[in-house]
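Have a look at the structure below, then the notes.
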Amino acid sequence: MSLAVGAGRRLLGVLRRVAGQRAGGSGPQPGLLQRLALRIRTAGPLSVAEYMREALTHPAQGYYMHHDMLGEKGDFVTSPEISQIFGELIGIWYVSEWMATGKPKTFQLVELGPGRGTLTGDILRVFHQLGSLLNKCNISIHLVEVSPKLSEIQALTLTGENIQPESDDTSPFYMKGTSKTGIPIFWYRTLQDVPQGNSFYLAHEFFDALPIHKFQRTEKGWREVLIDIDPEVPDKLRFVLAPAVTPAAKYFIQDEEPRDHVEVCPDAGVLIQKFACRIEKDGGAALIADYGHDGTKTDTFRGFRNHKLHDVLIAPGTADLTADVDFSYLQRMTQGRVATLGPIAQQEFLKNMGIDVRLQVLLQNSHDVTVREQLIRGYQMLTDPKKMGERFYFFALLPHHRLKSSDKQVNPGHAKSPVPAPIAGFGEMLWQ
Ligand code: SAH
């Protein structure tokens with residue numbers, strides 16, 4: 001009882017502080033930390049997943065919502081921002097899969113978390129250059145983006161315009177435009193809203209931003225790691241262990257789990273199941289690229305601000321929070337509905353896709369010393385094992401029939417070939 005009374009008094013104090021700040025009109029809005037602290041005082045410690053979700057995507061104060069965090073002036077740099085070659089090779093991967101699956105009449109490219117839109121922009125340039133191949137195909141782009149600020153930047157990158165939000169409330173998309181090359185582009189808040197049908201999915205550095213739960217093995221069994229307020233310092237957060245088994249600890253840990261500390265991202269599992277169901281039913285493919293592991297790593301939850309590591313519990317909403325993707329979990333969550341390939345290291349994938357040849361072509365075509373240096377630096381950054389080459393991995397979902405050698409669609413030129421047609425990037429290049 002006394003605990004409840006104490007907590008009640010603390011809560012009243014916080015409510016007064018927050019109310020005072022609001023009532024004055026001139027006082028600052030409570031920061032995300034204060035909001036979360038209030039929630040903890042009211043309802044108890046938060047799971048790491050709830051904390052991460054709020055810190056990244058809270059509508060008013062989430063990290064992703066209202067600023068551009070990508071690039072040298074931001075908090076982190078991603079492969080598409082480093083070199084145009086990256087997006088071009090991914091564009092070729094999709095065209096290659098589209099061809100290998102019998103050149104379907106429609107081509108829906110669905111990108112999740114498109115950042116500045118740079119990757120889709122580079123892919124669209126490839127589609128444009130391969131116009132003679134794709135000209136009879138009905139191409140459309142579908143972007144799943146939660147951030148108002150980033151969707152605005154994506155619209156500018158891809159269409160060259162500021163686009164007004166969709167006025168029709170019943171529409172599944174919240175914005176639509178046309179690319180500089182005349183291809184329709186739609187924006188959605190979740191994958192659920194994206195129309196079904198033969199689709200090619202892309203998620204680059206997206207899964208690592210999805211909220212994870214953390215668990216610790218103890219003498220009493222598995223316990224979930226939660227986030228509470230430090231009793232010594234007001235509004236300072238700290239990790240604690242749940243005193244009893246939480247539903248997440250009960251359902252998300254595998255019986256034969258050998259590790260002592262485990263991170264599980266159920267949102268990633270749900271998303272993979274949706275990809276798998278859609279691909280199984282309608283065809284297409286998914287390409288997922290991220291940093292990650294094969295169910296071996298333990299404690300990977302971390303923050304980045306200004307290109308430096310940042311304490312995840314300090315100033316939520318001002319730093320990127322991320323956790324390595326567990327590819328073995330993604331594979332498990334497909335439940336056998338689709339075939340999976342990878343994860344293979346970025347260096348290997350890009351080399352299989354012909355990055356060396358592409359670099360040489362671009363170098364031959366450019367006489368500007370700065371551009372040439374930039375191209376070489378970008379190449380090294382993407383492929384050097386100590387940089388991004390072995391830190392990032394590619395993982396693909398494909399319909400089972402895509403890997404069967406006897407299927408005519410798989411390898412149109414060699415219908416009776418005894419070996420399955422290679423999937424570009426994961427083996428030798430399908431076409432040079
Ligand atoms: N793919 C880009 C950006 C990676 S940053 C690149 O590689 O450069 C993560 C992206 O995912 C951002 O665009 C962010 O706004 C978006 N994002 C994060 N969480 C999301 C969610 N739950 N739903 C939709 N988009 C999300």
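Ordering of the structure tokens sets the chain letters (A, B, ...), residue numbers begin anew at 1 in every chain, and ligands are numbered from 1 in the order given.
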
Neighbours of ligand 1 within 8 Å, counting only C-alpha atoms and all ligand atoms, as a CSV table (one decimal) with C-alpha atoms, in the first residue's frame?
chain,number,residue,atom,x,y,z
A,53,ARG,CA,8.7,2.5,-30.6
A,56,LEU,CA,11.6,6.4,-32.9
A,57,THR,CA,8.0,7.0,-34.1
A,64,TYR,CA,12.3,9.7,-37.4
A,65,MET,CA,9.3,12.0,-37.6
A,70,LEU,CA,20.7,10.8,-42.9
A,77,VAL,CA,25.1,7.3,-43.4
A,78,THR,CA,23.6,4.4,-45.4
A,79,SER,CA,24.8,2.6,-48.5
A,80,PRO,CA,22.5,4.3,-51.0
A,81,GLU,CA,23.7,7.6,-49.8
A,112,LEU,CA,9.8,0.0,-46.7
A,113,GLY,CA,11.5,2.9,-44.9
A,114,PRO,CA,12.8,4.7,-48.0
A,115,GLY,CA,14.8,7.4,-46.1
A,116,ARG,CA,15.5,10.2,-48.5
A,117,GLY,CA,14.3,8.3,-51.5
A,118,THR,CA,17.8,7.9,-52.9
A,119,LEU,CA,17.6,4.1,-53.3
A,144,VAL,CA,5.8,2.6,-46.8
A,145,GLU,CA,6.9,5.6,-44.7
A,146,VAL,CA,5.8,6.7,-41.3
A,147,SER,CA,7.7,10.0,-41.2
A,150,LEU,CA,11.1,12.0,-44.8
A,151,SER,CA,8.1,11.5,-47.1
A,189,ARG,CA,1.8,4.2,-43.4
A,190,THR,CA,1.8,0.4,-43.2
A,203,ALA,CA,13.8,-3.1,-47.1
A,204,HIS,CA,17.2,-1.5,-46.6
A,205,GLU,CA,18.1,-0.6,-43.1
A,206,PHE,CA,14.5,-0.8,-42.1
A,209,ALA,CA,14.6,0.2,-36.7
A,210,LEU,CA,11.8,-2.0,-35.6

May I have the residues within 7 Å of region 260-273 of chain A as a JSON list (two decimals) with N, CA and C atoms, in the first residue's frame, using only C-alpha atoms and disregarding those fewer than 2 positions away in the same chain?
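Saved result, around10.json, follows:
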[["chain", "number", "residue", "atom", "x", "y", "z"],
["A", 207, "PHE", "N", 14.53, -3.00, -41.04],
["A", 207, "PHE", "CA", 14.23, -3.95, -39.96],
["A", 207, "PHE", "C", 14.96, -3.60, -38.67],
["A", 210, "LEU", "N", 13.00, -1.54, -36.18],
["A", 210, "LEU", "CA", 11.77, -2.05, -35.57],
["A", 210, "LEU", "C", 12.03, -2.43, -34.11],
["A", 211, "PRO", "N", 11.02, -2.23, -33.26],
["A", 211, "PRO", "CA", 11.23, -2.40, -31.81],
["A", 211, "PRO", "C", 11.53, -3.84, -31.39],
["A", 212, "ILE", "N", 12.51, -3.98, -30.52],
["A", 212, "ILE", "CA", 12.87, -5.31, -30.01],
["A", 212, "ILE", "C", 12.49, -5.47, -28.53],
["A", 213, "HIS", "N", 12.24, -6.70, -28.14],
["A", 213, "HIS", "CA", 12.14, -7.04, -26.71],
["A", 213, "HIS", "C", 13.49, -7.63, -26.32],
["A", 214, "LYS", "N", 13.89, -7.39, -25.06],
["A", 214, "LYS", "CA", 15.15, -7.98, -24.57],
["A", 214, "LYS", "C", 14.86, -8.92, -23.40],
["A", 215, "PHE", "N", 15.61, -10.02, -23.38],
["A", 215, "PHE", "CA", 15.40, -11.03, -22.32],
["A", 215, "PHE", "C", 16.74, -11.47, -21.75],
["A", 216, "GLN", "N", 16.68, -11.83, -20.46],
["A", 216, "GLN", "CA", 17.88, -12.27, -19.75],
["A", 216, "GLN", "C", 17.59, -13.60, -19.06],
["A", 217, "ARG", "N", 18.53, -14.54, -19.20],
["A", 217, "ARG", "CA", 18.36, -15.81, -18.47],
["A", 217, "ARG", "C", 18.75, -15.57, -17.01],
["A", 252, "PHE", "N", 8.15, -15.57, -26.59],
["A", 252, "PHE", "CA", 9.14, -15.28, -27.62],
["A", 252, "PHE", "C", 10.46, -16.02, -27.48],
["A", 258, "PRO", "N", 20.20, -21.32, -26.65],
["A", 258, "PRO", "CA", 21.46, -21.51, -25.92],
["A", 258, "PRO", "C", 22.02, -20.22, -25.29],
["A", 275, "PHE", "N", 5.09, -10.62, -45.87],
["A", 275, "PHE", "CA", 5.83, -10.77, -47.14],
["A", 275, "PHE", "C", 5.62, -12.19, -47.67],
["A", 276, "ALA", "N", 5.84, -13.16, -46.78],
["A", 276, "ALA", "CA", 5.81, -14.57, -47.19],
["A", 276, "ALA", "C", 4.44, -14.93, -47.74],
["A", 277, "CYS", "N", 3.37, -14.49, -47.05],
["A", 277, "CYS", "CA", 2.01, -14.82, -47.51],
["A", 277, "CYS", "C", 1.75, -14.19, -48.87],
["A", 298, "THR", "N", 23.94, -11.29, -28.91],
["A", 298, "THR", "CA", 23.14, -11.16, -27.69],
["A", 298, "THR", "C", 22.66, -9.73, -27.46],
["A", 299, "ASP", "N", 23.59, -8.83, -27.18],
["A", 299, "ASP", "CA", 23.19, -7.49, -26.76],
["A", 299, "ASP", "C", 23.60, -6.49, -27.84],
["A", 330, "LEU", "N", 14.01, -14.30, -38.88],
["A", 330, "LEU", "CA", 13.23, -13.96, -40.08],
["A", 330, "LEU", "C", 12.95, -15.22, -40.89],
["A", 333, "MET", "N", 10.31, -17.28, -39.35],
["A", 333, "MET", "CA", 8.97, -16.68, -39.43],
["A", 333, "MET", "C", 8.34, -16.77, -40.82],
["A", 334, "THR", "N", 9.10, -17.20, -41.82],
["A", 334, "THR", "CA", 8.47, -17.41, -43.13],
["A", 334, "THR", "C", 7.61, -18.67, -43.09]]

Which residues of region 89-150 of chain A come within 12 Å of region 348-352 of chain A, and for each one, what is the closest pair of atoms and their distance in Å to one decimal, counting only C-alpha atoms, sorted by chain and residue number, as a tab-separated table?
residue	atom	partner	partner_atom	distance
A:Leu89	CA	A:Leu350	CA	7.3
A:Ile90	CA	A:Leu350	CA	8.8
A:Ile92	CA	A:Leu350	CA	11.1
A:Trp93	CA	A:Leu350	CA	10.3

Determine, counting only C-alpha atoms, which protein, DNA and RNA residues have an atom within 12 Å of an atom of Ala345 (chain A); residues of the same chain fewer than 4 positions away are not included. Present the result as a ChimeraX atom specification. /A:288-294,341,349-352,382-395,425-426

I'd like the contact shell of region 355-364 of chain A - 10 Å cut-off, only C-alpha atoms, skipping same-chain residues fewer than 6 positions apart - returned as a PyMOL selection string. chain A and resi 85-86+88-89+347-349+371-373+375-376+378-379+382-383+432

Quick one: write out the picked residues with all heavy atoms as a short mmCIF file (atom, residue, chain, number, x, y, z; two decimals), in the first residue's frame?
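Below you can see selection-v8.cif, which holds the result:
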data_model
loop_
_atom_site.label_atom_id
_atom_site.label_comp_id
_atom_site.auth_asym_id
_atom_site.auth_seq_id
_atom_site.Cartn_x
_atom_site.Cartn_y
_atom_site.Cartn_z
N ILE A 85 26.07 3.45 -57.21
CA ILE A 85 26.22 2.08 -57.72
C ILE A 85 25.36 1.11 -56.93
O ILE A 85 24.81 0.16 -57.46
CB ILE A 85 27.70 1.60 -57.68
CG1 ILE A 85 28.60 2.60 -58.40
CG2 ILE A 85 27.84 0.22 -58.29
CD1 ILE A 85 30.07 2.19 -58.41
N PHE A 86 25.24 1.39 -55.63
CA PHE A 86 24.48 0.48 -54.75
C PHE A 86 23.05 0.33 -55.27
O PHE A 86 22.59 -0.78 -55.53
CB PHE A 86 24.49 1.05 -53.32
CG PHE A 86 23.87 0.14 -52.32
CD1 PHE A 86 24.57 -0.90 -51.76
CD2 PHE A 86 22.54 0.33 -51.92
CE1 PHE A 86 24.00 -1.76 -50.83
CE2 PHE A 86 21.96 -0.51 -50.99
CZ PHE A 86 22.68 -1.55 -50.45
N GLU A 88 21.85 1.15 -58.15
CA GLU A 88 21.80 0.64 -59.53
C GLU A 88 21.84 -0.89 -59.54
O GLU A 88 21.08 -1.53 -60.26
CB GLU A 88 22.98 1.20 -60.33
CG GLU A 88 22.83 2.69 -60.62
CD GLU A 88 24.11 3.30 -61.17
OE1 GLU A 88 25.15 2.60 -61.22
OE2 GLU A 88 24.07 4.48 -61.53
N LEU A 89 22.71 -1.46 -58.71
CA LEU A 89 22.82 -2.92 -58.68
C LEU A 89 21.55 -3.55 -58.11
O LEU A 89 21.11 -4.61 -58.55
CB LEU A 89 24.05 -3.36 -57.89
CG LEU A 89 25.39 -2.92 -58.50
CD1 LEU A 89 26.57 -3.34 -57.62
CD2 LEU A 89 25.58 -3.48 -59.91
N GLN A 347 29.53 -7.39 -49.28
CA GLN A 347 30.66 -7.43 -50.22
C GLN A 347 30.43 -8.52 -51.29
O GLN A 347 30.55 -8.27 -52.49
CB GLN A 347 31.95 -7.72 -49.45
CG GLN A 347 33.17 -7.83 -50.33
CD GLN A 347 34.28 -8.59 -49.63
OE1 GLN A 347 34.04 -9.60 -48.96
NE2 GLN A 347 35.49 -8.10 -49.78
N GLU A 348 30.04 -9.69 -50.81
CA GLU A 348 29.85 -10.82 -51.72
C GLU A 348 28.67 -10.55 -52.66
O GLU A 348 28.76 -10.79 -53.87
CB GLU A 348 29.55 -12.07 -50.87
CG GLU A 348 29.99 -13.35 -51.49
CD GLU A 348 29.58 -14.54 -50.62
OE1 GLU A 348 29.57 -14.40 -49.38
OE2 GLU A 348 29.24 -15.57 -51.20
N PHE A 349 27.58 -10.04 -52.09
CA PHE A 349 26.39 -9.76 -52.91
C PHE A 349 26.73 -8.75 -54.01
O PHE A 349 26.43 -8.97 -55.19
CB PHE A 349 25.26 -9.22 -52.02
CG PHE A 349 24.00 -8.88 -52.76
CD1 PHE A 349 23.06 -9.85 -53.04
CD2 PHE A 349 23.76 -7.58 -53.21
CE1 PHE A 349 21.89 -9.54 -53.75
CE2 PHE A 349 22.62 -7.26 -53.92
CZ PHE A 349 21.68 -8.24 -54.19
N VAL A 371 34.99 13.44 -58.83
CA VAL A 371 33.98 12.39 -59.02
C VAL A 371 34.63 11.01 -58.97
O VAL A 371 34.12 10.08 -58.32
CB VAL A 371 33.22 12.59 -60.35
CG1 VAL A 371 32.29 11.43 -60.64
CG2 VAL A 371 32.43 13.90 -60.32
N ARG A 372 35.77 10.89 -59.63
CA ARG A 372 36.46 9.59 -59.66
C ARG A 372 36.85 9.16 -58.25
O ARG A 372 36.66 8.02 -57.86
CB ARG A 372 37.70 9.66 -60.56
CG ARG A 372 37.36 9.80 -62.04
CD ARG A 372 38.60 10.11 -62.85
NE ARG A 372 39.55 9.00 -62.81
CZ ARG A 372 39.55 7.97 -63.66
NH1 ARG A 372 38.65 7.93 -64.62
NH2 ARG A 372 40.45 7.02 -63.57
N GLU A 373 37.39 10.13 -57.49
CA GLU A 373 37.80 9.80 -56.11
C GLU A 373 36.58 9.37 -55.28
O GLU A 373 36.64 8.44 -54.49
CB GLU A 373 38.46 11.02 -55.45
CG GLU A 373 39.91 11.17 -55.88
CD GLU A 373 40.53 12.45 -55.34
OE1 GLU A 373 39.85 13.19 -54.60
OE2 GLU A 373 41.69 12.70 -55.71
N LEU A 375 33.83 8.02 -56.35
CA LEU A 375 33.38 6.69 -56.77
C LEU A 375 34.23 5.61 -56.12
O LEU A 375 33.71 4.61 -55.62
CB LEU A 375 33.49 6.56 -58.30
CG LEU A 375 32.40 7.26 -59.11
CD1 LEU A 375 32.78 7.31 -60.59
CD2 LEU A 375 31.06 6.54 -58.94
N ILE A 376 35.55 5.84 -56.09
CA ILE A 376 36.44 4.83 -55.51
C ILE A 376 36.23 4.73 -53.99
O ILE A 376 36.14 3.64 -53.43
CB ILE A 376 37.92 5.13 -55.86
CG1 ILE A 376 38.09 4.96 -57.38
CG2 ILE A 376 38.87 4.22 -55.10
CD1 ILE A 376 39.39 5.45 -57.94
N GLY A 378 33.52 5.46 -52.37
CA GLY A 378 32.22 4.82 -52.16
C GLY A 378 32.32 3.31 -52.31
O GLY A 378 31.81 2.55 -51.48
N TYR A 379 33.02 2.89 -53.35
CA TYR A 379 33.20 1.45 -53.61
C TYR A 379 33.86 0.78 -52.41
O TYR A 379 33.43 -0.28 -51.94
CB TYR A 379 34.05 1.27 -54.87
CG TYR A 379 34.55 -0.14 -55.10
CD1 TYR A 379 33.79 -1.06 -55.79
CD2 TYR A 379 35.80 -0.53 -54.61
CE1 TYR A 379 34.24 -2.36 -55.99
CE2 TYR A 379 36.26 -1.83 -54.80
CZ TYR A 379 35.49 -2.73 -55.49
OH TYR A 379 35.94 -4.02 -55.68
N LEU A 382 31.57 0.53 -49.35
CA LEU A 382 30.52 -0.49 -49.48
C LEU A 382 31.05 -1.91 -49.40
O LEU A 382 30.37 -2.81 -48.91
CB LEU A 382 29.79 -0.35 -50.83
CG LEU A 382 28.98 0.92 -51.08
CD1 LEU A 382 28.32 0.85 -52.45
CD2 LEU A 382 27.92 1.11 -50.01
N THR A 383 32.29 -2.13 -49.89
CA THR A 383 32.76 -3.51 -50.02
C THR A 383 33.84 -3.92 -49.02
O THR A 383 34.01 -5.11 -48.76
CB THR A 383 33.32 -3.78 -51.45
OG1 THR A 383 34.35 -2.82 -51.69
CG2 THR A 383 32.24 -3.66 -52.50
N GLN A 432 25.01 -10.88 -67.65
CA GLN A 432 26.12 -9.91 -67.52
C GLN A 432 25.75 -8.56 -68.12
O GLN A 432 25.01 -8.49 -69.05
CB GLN A 432 27.36 -10.44 -68.25
CG GLN A 432 27.75 -11.83 -67.81
CD GLN A 432 28.31 -11.88 -66.40
OE1 GLN A 432 29.00 -10.96 -65.99
NE2 GLN A 432 28.02 -12.93 -65.68
#

Separation of CA of Ser199 (chain A) from CA of Arg337 (chain A), in Å and rounded to one decimal: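 For CA of Ser199 (chain A) relative to CA of Arg337 (chain A), the distance reads 15.8 Å.
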
Which residue is closest to Phe200 (chain A)? Choose from A:Leu143, A:Ala285, A:Leu38, A:Ala60 and count only C-alpha atoms.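 Among A:Leu143, A:Ala285, A:Leu38, A:Ala60, it is A:Ala285 that comes nearest to Phe200 (chain A).
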
Quick one: residues within 8 Å of region 316-318 of chain A, only C-alpha atoms, excluding same-chain residues fewer than 5 positions away - as an MDAnalysis selection string? chainID A and resid 32:33 54:56 61:63 305

How about saving the chosen residues, C-alpha atoms kept, as a short mmCIF file (atom, residue, chain, number, x, y, z; two decimals), in the first residue's frame?
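Everything below was put into out_13.cif:
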data_model
loop_
_atom_site.label_atom_id
_atom_site.label_comp_id
_atom_site.auth_asym_id
_atom_site.auth_seq_id
_atom_site.Cartn_x
_atom_site.Cartn_y
_atom_site.Cartn_z
CA LEU A 32 9.66 12.66 -24.77
CA LEU A 33 11.69 11.63 -21.72
CA GLU A 54 7.99 5.71 -28.83
CA ALA A 55 11.55 7.01 -29.17
CA LEU A 56 11.58 6.40 -32.92
CA GLN A 61 8.58 13.68 -30.78
CA GLY A 62 9.80 10.44 -32.37
CA TYR A 63 13.29 10.51 -33.79
CA ARG A 305 23.82 10.46 -32.66
#

Quick one: distance from CA of Pro399 (chain A) to CA of Val338 (chain A) in Å, one decimal? 5.0 Å

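From CA of Leu130 (chain A) back to CA of Ser366 (chain A), the distance works out to 21.3 Å.
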
Would you list, as a list in words, the residues of region 16-155 of chain A that end up in strand (DSSP E) under DSSP run on this structure's backbone?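 Across region 16-155 of chain A, those assigned strand (DSSP E) are Leu46, Ser47, Thr106, Phe107, Gln108, Leu109, Val110, Glu111, Leu112, Asn138, Ile139, Ser140, Ile141, His142, Leu143 and Val144 of chain A.
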
Which residue gives the smallest distance to Ile279 (chain A) among A:Gln335, A:Thr322, A:Gln192, A:Asn198, with only C-alpha atoms counted?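 Of A:Gln335, A:Thr322, A:Gln192, A:Asn198, the one nearest Ile279 (chain A) is A:Asn198, counting only C-alpha atoms.
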
Taking the backbone alone, and naming residues the way the document does, which bits of region 183-224 of chain A are helix (DSSP H, G or I) by DSSP, as a PyMOL selection string? chain A and resi 191-193+207-209

Selection export as a compact mmCIF listing (two decimals), in the first residue's frame, atoms kept: all heavy atoms:
# COMPACT_ATOMS: atom_id res chain seq x y z
N LEU A 191 2.37 -1.61 -44.44
CA LEU A 191 2.34 -2.54 -45.57
C LEU A 191 0.91 -3.00 -45.86
O LEU A 191 0.53 -3.24 -47.01
CB LEU A 191 3.24 -3.74 -45.26
CG LEU A 191 3.27 -4.84 -46.32
CD1 LEU A 191 3.90 -4.33 -47.62
CD2 LEU A 191 4.04 -6.06 -45.83
N GLN A 192 0.14 -3.10 -44.77
CA GLN A 192 -1.25 -3.54 -44.89
C GLN A 192 -2.02 -2.76 -45.97
O GLN A 192 -2.87 -3.29 -46.66
CB GLN A 192 -1.93 -3.27 -43.54
CG GLN A 192 -3.16 -4.02 -43.29
CD GLN A 192 -2.80 -5.25 -42.44
OE1 GLN A 192 -1.72 -5.81 -42.58
NE2 GLN A 192 -3.70 -5.62 -41.57
N ASP A 193 -1.71 -1.47 -46.08
CA ASP A 193 -2.44 -0.60 -47.01
C ASP A 193 -1.99 -0.76 -48.47
O ASP A 193 -2.66 -0.30 -49.39
CB ASP A 193 -2.25 0.88 -46.61
CG ASP A 193 -2.84 1.17 -45.24
OD1 ASP A 193 -3.76 0.46 -44.83
OD2 ASP A 193 -2.36 2.12 -44.58
N PHE A 207 14.53 -3.00 -41.04
CA PHE A 207 14.23 -3.95 -39.96
C PHE A 207 14.96 -3.60 -38.67
O PHE A 207 14.47 -3.86 -37.58
CB PHE A 207 14.56 -5.39 -40.40
CG PHE A 207 13.46 -6.02 -41.20
CD1 PHE A 207 13.35 -5.80 -42.57
CD2 PHE A 207 12.51 -6.83 -40.59
CE1 PHE A 207 12.32 -6.37 -43.31
CE2 PHE A 207 11.48 -7.41 -41.32
CZ PHE A 207 11.38 -7.18 -42.68
N ASP A 208 16.16 -3.01 -38.79
CA ASP A 208 16.92 -2.69 -37.58
C ASP A 208 16.26 -1.58 -36.77
O ASP A 208 16.62 -1.34 -35.63
CB ASP A 208 18.36 -2.29 -37.94
CG ASP A 208 18.41 -0.94 -38.64
OD1 ASP A 208 18.25 -0.90 -39.87
OD2 ASP A 208 18.58 0.07 -37.95
N ALA A 209 15.30 -0.87 -37.40
CA ALA A 209 14.62 0.22 -36.69
C ALA A 209 13.32 -0.26 -36.02
O ALA A 209 12.63 0.52 -35.39
CB ALA A 209 14.31 1.36 -37.68

Tyr201 (chain A): which residues within 7 Å, counting only C-alpha atoms, same-chain residues fewer than 5 positions away excluded, as a list in words?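 Here the qualifying residues turn out to be Leu109, Val110, Glu111, Ala285, Ala286 and Leu287 of chain A.
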
Best match for closeness to Gly44 (chain A) among A:Arg259, A:Gln346, A:Leu226, A:Asp282, counting only C-alpha atoms: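 Answer, going by the shortest atom-to-atom distance: A:Leu226.
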
Option closest in space to His58 (chain A), from A:Gly283, A:Ala339, A:Arg35, A:Ile141 [counting only C-alpha atoms]: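 Looking only at the distances to His58 (chain A), the closest residue turns out to be A:Arg35.
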
Please determine, counting only C-alpha atoms, which residue among A:Thr340, A:Ser132, A:Met175, A:Asp320 has the shortest atom-to-atom distance to Leu403 (chain A).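 Of A:Thr340, A:Ser132, A:Met175, A:Asp320, the one nearest Leu403 (chain A) is A:Thr340, counting only C-alpha atoms.
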